[in-house]
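One structure is given below, encoded as structure tokens.
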Amino acid sequence: MARLPTLSPTRRLHVVAAISSFLNLIMIYVNLGMGLAELIEKRKSNPRLGRQPMDTDLVRHYDRQRHLELAIRRSDTYAYDRVRMNRTLFNSFCHLLITEGGLKRTRNVDIDEMVYTFLRTISHNEKNRTLILNLRRSGETISRSIHRVLRAVIRLNDMLMKKPVPIPENSTDSRWKYFKSCLGALDGTHVRVRPLKEDRSRYRDREGKLSMNVLGVCTPNLEFIYCLSGWEGSAHDGRVLRDALTRQNCFTVPQGCYYLCDAGYANSPGFLTPYRGQRYHLKEWGVNPPETAEEFYNMKHSSARNVIERIFGILKMRWAILRDSSWFAPREVARIVVACCIIHNFIKREQGADQFERTYQDEEPEHHPSTEVETIDTCSMHPCPEWTQYMNQIAISMWENRPNR
């Protein structure tokens with residue numbers, strides 16, 4: 001009697017998977033049939049139901065999966081337009097949130113749907129009612145998904161925020177080679193908010209708009225080092241920086257290093273400002289070259305410090321929730337701003353320059369290798385003659401070594 005051939009383990013798994021898929025398909029059709037039978041019985045008992053559209057759990061699940069298939073699974077073009085990531089980057093981000101951020105799926109909502117809900121909200125400033133219609137979920141489910149992902153992203157702060165690396169002595173970058181031991185640039189920006197009526201006076205900035213003052217610190221390679229959000233729009237940039245230096249997990253400047261900042265801050269150890277009363281912004285130069293060492297220093301300072309303006313522009317161009325006022329409370333907006341900076345660093349690390357960065361960036365900054373930096377806070381927010389003398393030495397050295405001398 002002939003014996004039947006035995007199946008290999010791999011083939012056996014394929015057969016079991018095929019049988020399981022077939023049984024799941026049968027169960028789906030059975031549930032659909034039971035739903036249709038129940039609907040027919042209801043229509044017989046109440047003829048008015050015949051004019052109403054069919055809306056069952058199975059239909060809502062089908063509409064939801066069809067929307068997600070079009071948004072994040074069909075092509076990279078669709079995914080980039082919806083969530084600012086291609087499909088590979090989106091899957092890597094979901095995996096990172098699961099392994100490092102502690103994000104877990106719920107009984108009814110999967111990880112990819114929760115992450116899509118959050119990214120769609122911050123990318124297009126999507127309203128809750130729009131997501132309710134697209135995903136066929138309740139408003140509470142949408143809100144819970146957004147806050148779960150937000151908490152998971154905040155947990156990645158220490159992992160994705162860039163560690164500061166000083167400009168080396170042998171740097172050849174035309175923008176940064178004059179600023180030895182510089183770590184990057186810092187500045188403040190404003191994000192629109194909707195505070196309570198009794199708090200509006202504190203959030204009104206000098207332009208008369210309701211906003212939040214955000215401190216951002218970045219590297220020459222357009223990566224965030226530190227972000228502090230939550231201060232009212234009426235607060236001065238220097239006041240926000242002083243608060244960042246005195247917090248529990250404070251912002252520190254390594255000994256012997258500094259950051260470039262504008263004239264709104266004090267020229268103190270750790271923070272190098274331009275000369276006051278001289279031309280500074282790049283559009284002010286035109287065809288008239290600098291005539292003194294102070295003007296040449298201001299021109300190079302503005303060219304290097306412009307990196308913080310570009311990164312703010314990239315951030316607001318990518319995340320629409322930072323351009324317009326949202327319906328989130330100011331406290332939640334502050335956390336969303338930090339989350340946007342963290343996701344920006346993730347995209348920069350995994351993908352490099354995307355179309356938003358190429359729109360703002362006219363010259364690729366030099367990449368500096370990582371080195372160990374001693375983190376000793378020596379910052380003081382009061383101007384001192386020693387730091388002014390150090391600024392004068394940099395200006396004289398720039399003027400003597402200028403290319404067209």
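Going by the structure tokens order, chains are called A, B, ..., each with residues numbered from 1, while ligands are numbered from 1 in the order shown.
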Inset, instruction - Compile the contact shell of segment 238-240 of chain A as a PyMOL selection string: residues with an atom at most 10 Å away, counting only C-alpha atoms, same-chain residues fewer than 6 positions apart removed. - result: chain A and resi 187-188+213-215+228-232+264-266+381
Mind dumping the selected residues with all heavy atoms as a compact mmCIF listing (two decimals), in the first residue's frame?
# COMPACT_ATOMS: atom_id res chain seq x y z
N ASP A 187 16.97 80.23 20.04
CA ASP A 187 16.07 81.37 19.84
C ASP A 187 14.68 80.95 20.31
O ASP A 187 14.44 79.79 20.64
CB ASP A 187 16.04 81.80 18.37
CG ASP A 187 15.53 83.22 18.20
OD1 ASP A 187 15.23 83.86 19.23
OD2 ASP A 187 15.41 83.69 17.05
N GLY A 188 13.79 81.90 20.31
CA GLY A 188 12.40 81.64 20.68
C GLY A 188 11.47 81.82 19.50
O GLY A 188 11.76 82.57 18.57
N ASN A 213 5.25 81.13 24.06
CA ASN A 213 6.66 81.34 23.76
C ASN A 213 7.41 80.03 23.94
O ASN A 213 7.34 79.40 25.00
CB ASN A 213 7.24 82.41 24.68
CG ASN A 213 8.54 82.98 24.14
OD1 ASN A 213 9.21 82.36 23.32
ND2 ASN A 213 8.91 84.16 24.60
N VAL A 214 8.11 79.61 22.89
CA VAL A 214 8.82 78.33 22.88
C VAL A 214 10.30 78.59 22.67
O VAL A 214 10.69 79.30 21.73
CB VAL A 214 8.28 77.40 21.77
CG1 VAL A 214 9.05 76.08 21.75
CG2 VAL A 214 6.79 77.14 21.96
N LEU A 215 11.13 78.03 23.54
CA LEU A 215 12.59 78.12 23.39
C LEU A 215 13.08 76.87 22.68
O LEU A 215 12.78 75.75 23.08
CB LEU A 215 13.25 78.23 24.77
CG LEU A 215 14.78 78.13 24.79
CD1 LEU A 215 15.42 79.32 24.09
CD2 LEU A 215 15.30 78.01 26.22
N LEU A 228 11.89 73.97 25.28
CA LEU A 228 11.09 74.34 26.45
C LEU A 228 9.87 75.11 25.97
O LEU A 228 10.00 76.18 25.37
CB LEU A 228 11.92 75.18 27.43
CG LEU A 228 11.15 75.74 28.63
CD1 LEU A 228 10.60 74.59 29.48
CD2 LEU A 228 12.03 76.66 29.47
N SER A 229 8.69 74.58 26.22
CA SER A 229 7.45 75.21 25.81
C SER A 229 6.52 75.33 27.01
O SER A 229 6.68 74.60 28.00
CB SER A 229 6.77 74.40 24.70
OG SER A 229 6.49 73.09 25.15
N GLY A 230 5.57 76.23 26.92
CA GLY A 230 4.61 76.41 27.99
C GLY A 230 4.52 77.83 28.51
O GLY A 230 3.54 78.19 29.16
N TRP A 231 5.55 78.65 28.24
CA TRP A 231 5.51 80.03 28.71
C TRP A 231 4.51 80.85 27.90
O TRP A 231 4.33 80.64 26.71
CB TRP A 231 6.90 80.66 28.62
CG TRP A 231 7.73 80.40 29.83
CD1 TRP A 231 8.57 79.35 30.04
CD2 TRP A 231 7.80 81.20 31.01
NE1 TRP A 231 9.15 79.43 31.28
CE2 TRP A 231 8.71 80.57 31.90
CE3 TRP A 231 7.20 82.39 31.40
CZ2 TRP A 231 9.00 81.09 33.15
CZ3 TRP A 231 7.49 82.92 32.64
CH2 TRP A 231 8.39 82.26 33.51
N GLU A 232 3.89 81.83 28.55
CA GLU A 232 2.93 82.68 27.89
C GLU A 232 3.60 83.56 26.84
O GLU A 232 4.81 83.82 26.91
CB GLU A 232 2.20 83.57 28.92
CG GLU A 232 1.45 82.80 29.98
CD GLU A 232 2.31 82.42 31.17
OE1 GLU A 232 3.55 82.54 31.05
OE2 GLU A 232 1.75 81.99 32.19
N GLY A 264 18.43 89.83 21.60
CA GLY A 264 17.43 89.81 22.65
C GLY A 264 17.92 89.14 23.92
O GLY A 264 17.24 89.20 24.94
N TYR A 265 19.07 88.48 23.86
CA TYR A 265 19.64 87.82 25.03
C TYR A 265 20.88 88.59 25.49
O TYR A 265 21.45 89.40 24.75
CB TYR A 265 20.03 86.38 24.70
CG TYR A 265 18.87 85.52 24.26
CD1 TYR A 265 18.53 85.42 22.92
CD2 TYR A 265 18.11 84.81 25.19
CE1 TYR A 265 17.47 84.62 22.51
CE2 TYR A 265 17.05 84.03 24.79
CZ TYR A 265 16.73 83.93 23.45
OH TYR A 265 15.67 83.17 23.06
N ALA A 266 21.29 88.33 26.72
CA ALA A 266 22.48 88.99 27.26
C ALA A 266 23.74 88.30 26.76
O ALA A 266 23.78 87.07 26.62
CB ALA A 266 22.45 88.95 28.79
N MET A 381 23.35 84.65 33.30
CA MET A 381 22.55 85.47 32.40
C MET A 381 22.85 86.95 32.51
O MET A 381 22.06 87.78 32.09
CB MET A 381 21.06 85.22 32.66
CG MET A 381 20.58 83.85 32.20
SD MET A 381 20.99 83.51 30.48
CE MET A 381 20.11 84.81 29.66
Legend entry - Expected answer as a ChimeraX atom specification: helix (DSSP H, G or I) residues in segment 194-303 of chain A: /A:197-203,237-246,282-284,293-303
The selected residues should be written to file as a tab-separated table (two decimals), in the first residue's frame (atoms: N, CA, C and O atoms).
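The result, written out as again_31.tsv:
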chain	number	residue	atom	x	y	z
A	197	LYS	N	-10.57	82.63	28.96
A	197	LYS	CA	-10.79	84.07	28.87
A	197	LYS	C	-10.02	84.84	29.93
A	197	LYS	O	-9.47	85.92	29.66
A	198	GLU	N	-9.95	84.29	31.15
A	198	GLU	CA	-9.25	85.00	32.22
A	198	GLU	C	-7.73	84.95	32.06
A	198	GLU	O	-7.01	85.69	32.75
A	199	ASP	N	-7.20	84.11	31.17
A	199	ASP	CA	-5.74	84.01	30.97
A	199	ASP	C	-5.27	84.66	29.68
A	199	ASP	O	-4.08	84.59	29.37
A	200	ARG	N	-6.16	85.27	28.93
A	200	ARG	CA	-5.77	85.79	27.62
A	200	ARG	C	-4.77	86.92	27.71
A	200	ARG	O	-3.92	87.08	26.83
A	201	SER	N	-4.83	87.74	28.75
A	201	SER	CA	-3.90	88.86	28.86
A	201	SER	C	-2.47	88.38	29.00
A	201	SER	O	-1.53	89.01	28.49
A	202	ARG	N	-2.25	87.24	29.66
A	202	ARG	CA	-0.89	86.73	29.83
A	202	ARG	C	-0.36	86.09	28.56
A	202	ARG	O	0.86	86.05	28.34
A	203	TYR	N	-1.24	85.58	27.72
A	203	TYR	CA	-0.82	84.92	26.48
A	203	TYR	C	-0.75	85.87	25.28
A	203	TYR	O	-0.40	85.43	24.20
A	237	ASP	N	12.05	86.51	25.83
A	237	ASP	CA	12.91	85.36	25.51
A	237	ASP	C	13.96	85.11	26.59
A	237	ASP	O	14.27	83.96	26.92
A	238	GLY	N	14.52	86.19	27.15
A	238	GLY	CA	15.51	86.03	28.19
A	238	GLY	C	14.93	85.41	29.44
A	238	GLY	O	15.61	84.63	30.14
A	239	ARG	N	13.68	85.73	29.75
A	239	ARG	CA	13.03	85.13	30.93
A	239	ARG	C	12.82	83.63	30.72
A	239	ARG	O	12.99	82.84	31.65
A	240	VAL	N	12.46	83.23	29.52
A	240	VAL	CA	12.28	81.81	29.24
A	240	VAL	C	13.61	81.07	29.35
A	240	VAL	O	13.67	79.95	29.87
A	241	LEU	N	14.68	81.68	28.87
A	241	LEU	CA	16.00	81.04	28.97
A	241	LEU	C	16.45	80.91	30.41
A	241	LEU	O	17.03	79.88	30.80
A	242	ARG	N	16.20	81.92	31.23
A	242	ARG	CA	16.57	81.82	32.65
A	242	ARG	C	15.81	80.69	33.33
A	242	ARG	O	16.36	79.99	34.19
A	243	ASP	N	14.55	80.51	32.95
A	243	ASP	CA	13.79	79.40	33.53
A	243	ASP	C	14.36	78.05	33.08
A	243	ASP	O	14.41	77.10	33.88
A	244	ALA	N	14.80	77.97	31.83
A	244	ALA	CA	15.39	76.72	31.34
A	244	ALA	C	16.69	76.39	32.09
A	244	ALA	O	17.01	75.20	32.28
A	245	LEU	N	17.43	77.40	32.53
A	245	LEU	CA	18.70	77.17	33.22
A	245	LEU	C	18.52	76.81	34.68
A	245	LEU	O	19.47	76.35	35.32
A	246	THR	N	17.33	77.04	35.25
A	246	THR	CA	17.12	76.81	36.67
A	246	THR	C	16.15	75.67	36.94
A	246	THR	O	15.80	75.43	38.10
A	282	LEU	N	20.78	89.23	7.16
A	282	LEU	CA	21.39	89.00	5.85
A	282	LEU	C	20.79	89.89	4.77
A	282	LEU	O	21.49	90.31	3.85
A	283	LYS	N	19.49	90.19	4.86
A	283	LYS	CA	18.86	91.02	3.83
A	283	LYS	C	19.32	92.46	3.90
A	283	LYS	O	19.08	93.23	2.96
A	284	GLU	N	19.98	92.87	4.99
A	284	GLU	CA	20.44	94.25	5.12
A	284	GLU	C	21.76	94.50	4.39
A	284	GLU	O	22.13	95.66	4.20
A	293	ALA	N	35.28	95.40	11.35
A	293	ALA	CA	35.33	94.06	11.96
A	293	ALA	C	34.01	93.71	12.63
A	293	ALA	O	33.59	92.55	12.61
A	294	GLU	N	33.34	94.70	13.23
A	294	GLU	CA	32.05	94.44	13.88
A	294	GLU	C	31.00	94.03	12.85
A	294	GLU	O	30.20	93.11	13.11
A	295	GLU	N	30.96	94.69	11.69
A	295	GLU	CA	29.99	94.33	10.67
A	295	GLU	C	30.28	92.94	10.09
A	295	GLU	O	29.35	92.17	9.82
A	296	PHE	N	31.56	92.64	9.88
A	296	PHE	CA	31.91	91.32	9.35
A	296	PHE	C	31.54	90.23	10.35
A	296	PHE	O	31.03	89.16	9.97
A	297	TYR	N	31.75	90.50	11.64
A	297	TYR	CA	31.37	89.54	12.67
A	297	TYR	C	29.85	89.35	12.68
A	297	TYR	O	29.35	88.22	12.77
A	298	ASN	N	29.09	90.44	12.58
A	298	ASN	CA	27.63	90.33	12.57
A	298	ASN	C	27.14	89.54	11.36
A	298	ASN	O	26.17	88.78	11.46
A	299	MET	N	27.78	89.73	10.19
A	299	MET	CA	27.35	89.01	9.00
A	299	MET	C	27.58	87.51	9.17
A	299	MET	O	26.69	86.70	8.84
A	300	LYS	N	28.75	87.11	9.69
A	300	LYS	CA	29.02	85.69	9.91
A	300	LYS	C	28.15	85.12	11.03
A	300	LYS	O	27.69	83.97	10.96
A	301	HIS	N	27.90	85.91	12.04
A	301	HIS	CA	27.04	85.48	13.14
A	301	HIS	C	25.62	85.24	12.64
A	301	HIS	O	24.98	84.23	12.98
A	302	SER	N	25.11	86.14	11.83
A	302	SER	CA	23.75	85.99	11.29
A	302	SER	C	23.66	84.78	10.36
A	302	SER	O	22.66	84.05	10.36
A	303	SER	N	24.71	84.56	9.55
A	303	SER	CA	24.70	83.42	8.64
A	303	SER	C	24.68	82.09	9.38
A	303	SER	O	24.00	81.15	8.97
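The shortest atom-to-atom distance to Ile98 of chain A, with only C-alpha atoms taken into account, belongs to A:Ala152 out of A:Asn170, A:Leu32, A:Arg64, A:Ala152.
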Inset, instruction - Calculate how many Å separate atom CA of Asp324 of chain A from atom CA of Val193 of chain A, rounding to one decimal. - result: 8.1 Å
Legend entry - Gap from atom CA of Arg74 of chain A to atom CA of Ile111 of chain A - Å, one decimal: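 Atom CA of Arg74 of chain A sits 17.7 Å away from atom CA of Ile111 of chain A.
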Inset, instruction - Fewer than 4 positions away in the same chain doesn't count, so skip those; otherwise give me all residues within 7 Å of segment 336-347 of chain A, counting only C-alpha atoms, as JSON, numbers by chain. - result: {"A": [150, 153, 154, 157, 160, 161, 223, 224, 227, 229, 332, 351, 352]}
Inset, instruction - Enumerate the residues of segment 178-351 of chain A with a DSSP assignment of strand (DSSP E or B), computed from the backbone, and present them as an MDAnalysis selection string. - result: chainID A and resid 182:192 204 210:218 224:232 258:260 268 271:272
Inset, instruction - Rank A:Asp63, A:Glu126, A:Glu309, A:Glu41 by their smallest atom-to-atom distance to Leu186 of chain A, using only C-alpha atoms, and report the top residue only. - result: A:Glu309
Inset, instruction - Enter the distance from atom CA of Phe271 of chain A to atom CA of His190 of chain A, in Å, rounded to one decimal. - result: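 Going from atom CA of Phe271 of chain A over to atom CA of His190 of chain A, I get 21.0 Å.
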Legend entry - Which of A:Ile394, A:Val15, A:Val333, A:Ala304 sits closest to Trp176 of chain A [using only C-alpha atoms]: A:Ala304
Legend entry - Nearest candidate to Trp387 of chain A (options A:Asn306, A:Thr359, A:Asn267, A:Ser181; using only C-alpha atoms): A:Asn267
Legend entry - All residues 9 Å or closer to Glu357 of chain A, only C-alpha atoms, same chain fewer than 6 positions away omitted, as a PyMOL selection string: chain A and resi 222+310-311+313-314
Take the residues from that selection and write them out as a PDB file, in the first residue's frame, keeping N, CA and C atoms.
ATOM      1  N   LEU A 222      20.747  70.889  11.971  1.00  0.00           N
ATOM      2  CA  LEU A 222      19.287  70.979  12.015  1.00  0.00           C
ATOM      3  C   LEU A 222      18.668  69.846  12.834  1.00  0.00           C
ATOM      4  N   ARG A 310      15.773  78.411  10.294  1.00  0.00           N
ATOM      5  CA  ARG A 310      15.405  77.390   9.321  1.00  0.00           C
ATOM      6  C   ARG A 310      14.714  76.204   9.981  1.00  0.00           C
ATOM      7  N   ILE A 311      15.200  75.798  11.151  1.00  0.00           N
ATOM      8  CA  ILE A 311      14.601  74.625  11.784  1.00  0.00           C
ATOM      9  C   ILE A 311      13.201  74.942  12.292  1.00  0.00           C
ATOM     10  N   GLY A 313      11.227  77.073  10.759  1.00  0.00           N
ATOM     11  CA  GLY A 313      10.434  77.084   9.534  1.00  0.00           C
ATOM     12  C   GLY A 313      10.093  75.675   9.063  1.00  0.00           C
ATOM     13  N   ILE A 314      11.070  74.759   9.139  1.00  0.00           N
ATOM     14  CA  ILE A 314      10.812  73.367   8.764  1.00  0.00           C
ATOM     15  C   ILE A 314       9.775  72.750   9.685  1.00  0.00           C
TER      16      ILE A 314
END
